[in-house]
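Asker: Quick one: this structure, given as C-alpha cells, is what I'll be asking you about.
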Amino acid sequence: MIDTTQDDLTASLIDAMLEARRSGRPVDARGYTGAAFSERDAYAVQAGIVAACGPVGGFKVANKPDAPRIMAPILAADVMTHPAELVVPAGEPIGIELEIGFRVDAPLPPRDAPDRRLRVAECISALPVIEVVRTRFNGEASPLLKLADNQINGGLVLGAPVKDWQDLPMGAVQASLRAGDTVLLDGAAQVPGGDAFENFLALEEMVGDHCGGLTVGQVVITGSLNGLPYVETEAAILGRIDGLGEVSLHLGRLG
C-alpha cells in the first residue's frame with residue numbers, strides 16, 4: 001500500500017489516473033488496497049481529473065434504494081453521437097450499457113419555482129444512450145476506487161433527443177441491445193431505482209457545483225437497462241428503446 005498522508009494519497013491517485021489516461025497503462029489497484037480512502041476523496045479525485053481533462057459533457061448517477069447514491073462526471077471528449085465508432089486495444093474488455101439519458105436544453109428553474117417538476121421536464125429532452133464502460137485500473141478495484149475513476153465511464157454514444165417524452169414510460173420499458181450476433185437485451189427492462197426522471201432529479205439535487213455543476217448541453221444517464229456485459233472482440237453494437245429510438249456503436253480493435 002502507498003504510505004502517504006490523506007492529501008498526498010488523493011494527489012497521488014489523481015496523478016496516477018491522469019498518467020493512465022495519457023499512456024493507456026492502467027494503475028495497479030493493489031497499490032491502494034487497504035488505504036483509508038473515503039467517498040469525499042473519490043469525488044476529489046474526480047474533480048482533479050476534470051480540472052486536467054475537462055470540460056464535462058454530462059454525469060452518471062446511481063440512485064438505487066438499497067445502495068448509496070453516487071455520481072460521476074463524463075468528459076466531453078468521450079461523448080459521441082450515433083452512429084459512432086470507437087477503436088480500443090485488442091483484448092481490452094469493454095462494458096456496454098443501454099440507458100435512458102436526458103439532455104439539458106435550457107437552464108433549470110430555481111429550487112423554489114412553482115410546479116418545478118413539470119418545469120424541469122420541459123427543460124430537458126430524453127434520448128437513448130450507450131455507455132461505454134472502461135477501467136483505468138489493473139486488478140480488482142474497490143467500489144471507492146471505481147468511483148474515483150469516474151465510476152469507470154469510458155464514453156457515451158448519444159441517440160437523437162426526443163423533446164416530447166413526458167408520456168413515455170421512464171421505468172419499465174421495452175428495449176433491445178445486440179453486440180454482433182450476441183443478444184444482450186430483448187424485451188422488458190427496468191430502470192435501476194425505478195424511474196429515469198427521478199434519477200435525473202436525484203443527480204440534479206446531488207451535484208451542486210461538483211466539477212462545474214449541471215449545465216445546458218450536458219447529458220445525464222440514469223442506469224443500465226441490461227446489467228454490465230463485457231465485449232472482448234470487434235462488434236457492431238445496436239441498441240433501441242421503444243419511444244426513444246436507436247443508438248449504435250461500431251467497436252473496433254487495434255492489433
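Naming scheme: A, B, ... for chains in displayed order of the C-alpha cells; residues 1 onward per chain; ligands 1 onward as shown.
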Pick out the residues sitting within 12 Å of A:Pro192, and hand them over as a list of chain:residue names; count only C-alpha atoms, and ignore anything fewer than 3 positions along from it in its own chain.
Answerer: A:Val61, A:Ala62, A:Asn63, A:Lys64, A:Pro65, A:Asp66, A:Ala67, A:Arg69, A:Leu98, A:Glu99, A:Ile100, A:Met170, A:Gly171, A:Ala172, A:Val173, A:Ala189, A:Asp195, A:Ala196, A:Phe197, A:Glu198, A:Asn199, A:Phe200, A:Ile221, A:Thr222, A:Gly223, A:Ser224, A:Leu225, A:Asn226, A:Gly227
Asker: List as a VMD selection string the protein and nucleic acid residues near A:Cys53, meaning an atom at most 9 Å away when only C-alpha atoms are counted, but skip any in the same chain fewer than 2 places from it.
Answerer: chain A and resid 18 48 to 51 55 to 56 75 77
Asker: Go through stretch 34-168 of chain A and collect every residue that DSSP, computed from the backbone, puts in helix (DSSP H, G or I); the answer should be as a ChimeraX atom specification.
Answerer: /A:39-53,76-78,116-122,143-148,150-152
Asker: Would you please give, as a PyMOL selection string, all residues of stretch 101-216 of chain A that DSSP assigns to strand (DSSP E or B) based on the backbone?
Answerer: chain A and resi 101-104+124-133+137-138+153-158+162+172-179+182-190
Asker: Measuring atom to atom with only C-alpha atoms, identify which of A:Ser12, A:Asn153, A:Thr215, A:Ser248 is nearest to A:Pro73.
Answerer: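 Of all the options, A:Asn153 lies closest to A:Pro73.
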Asker: I need the residue nearest A:Glu131 from this list: A:Glu92, A:Asp78, A:Asp115, A:Asp181. Use only C-alpha atoms for the distance.
Answerer: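 Closest candidate: A:Asp78.
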Asker: Nearest residue to A:Gly155 out of A:Leu13, A:Leu127, A:Val133, A:Ala44, using only C-alpha atoms?
Answerer: A:Val133
Asker: At a cut-off of 10 Å, using only C-alpha atoms, what residues contact A:Met17? Leave out same-chain residues fewer than 6 positions from it and give the result as a list in words.
Answerer: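 Here the answer would be Ala11, Ser23, Gly24, Arg25, Pro26, Val27, Val45, Gln46, Gly48, Ile49, Arg136, Phe137, Ala148 and Asp149 of chain A.
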Asker: If I take atom CA of A:Gly252 and atom CA of A:Gly217, how far is one from the other in Å, to one decimal?
Answerer: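 These two atoms are separated by 27.9 Å.
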Asker: Between A:Cys211, A:Val247, A:Met71, A:Ala188, which one has atoms that come closest to A:Ala175, using only C-alpha atoms?
Answerer: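 Among A:Cys211, A:Val247, A:Met71, A:Ala188, it is A:Ala188 that comes nearest to A:Ala175.
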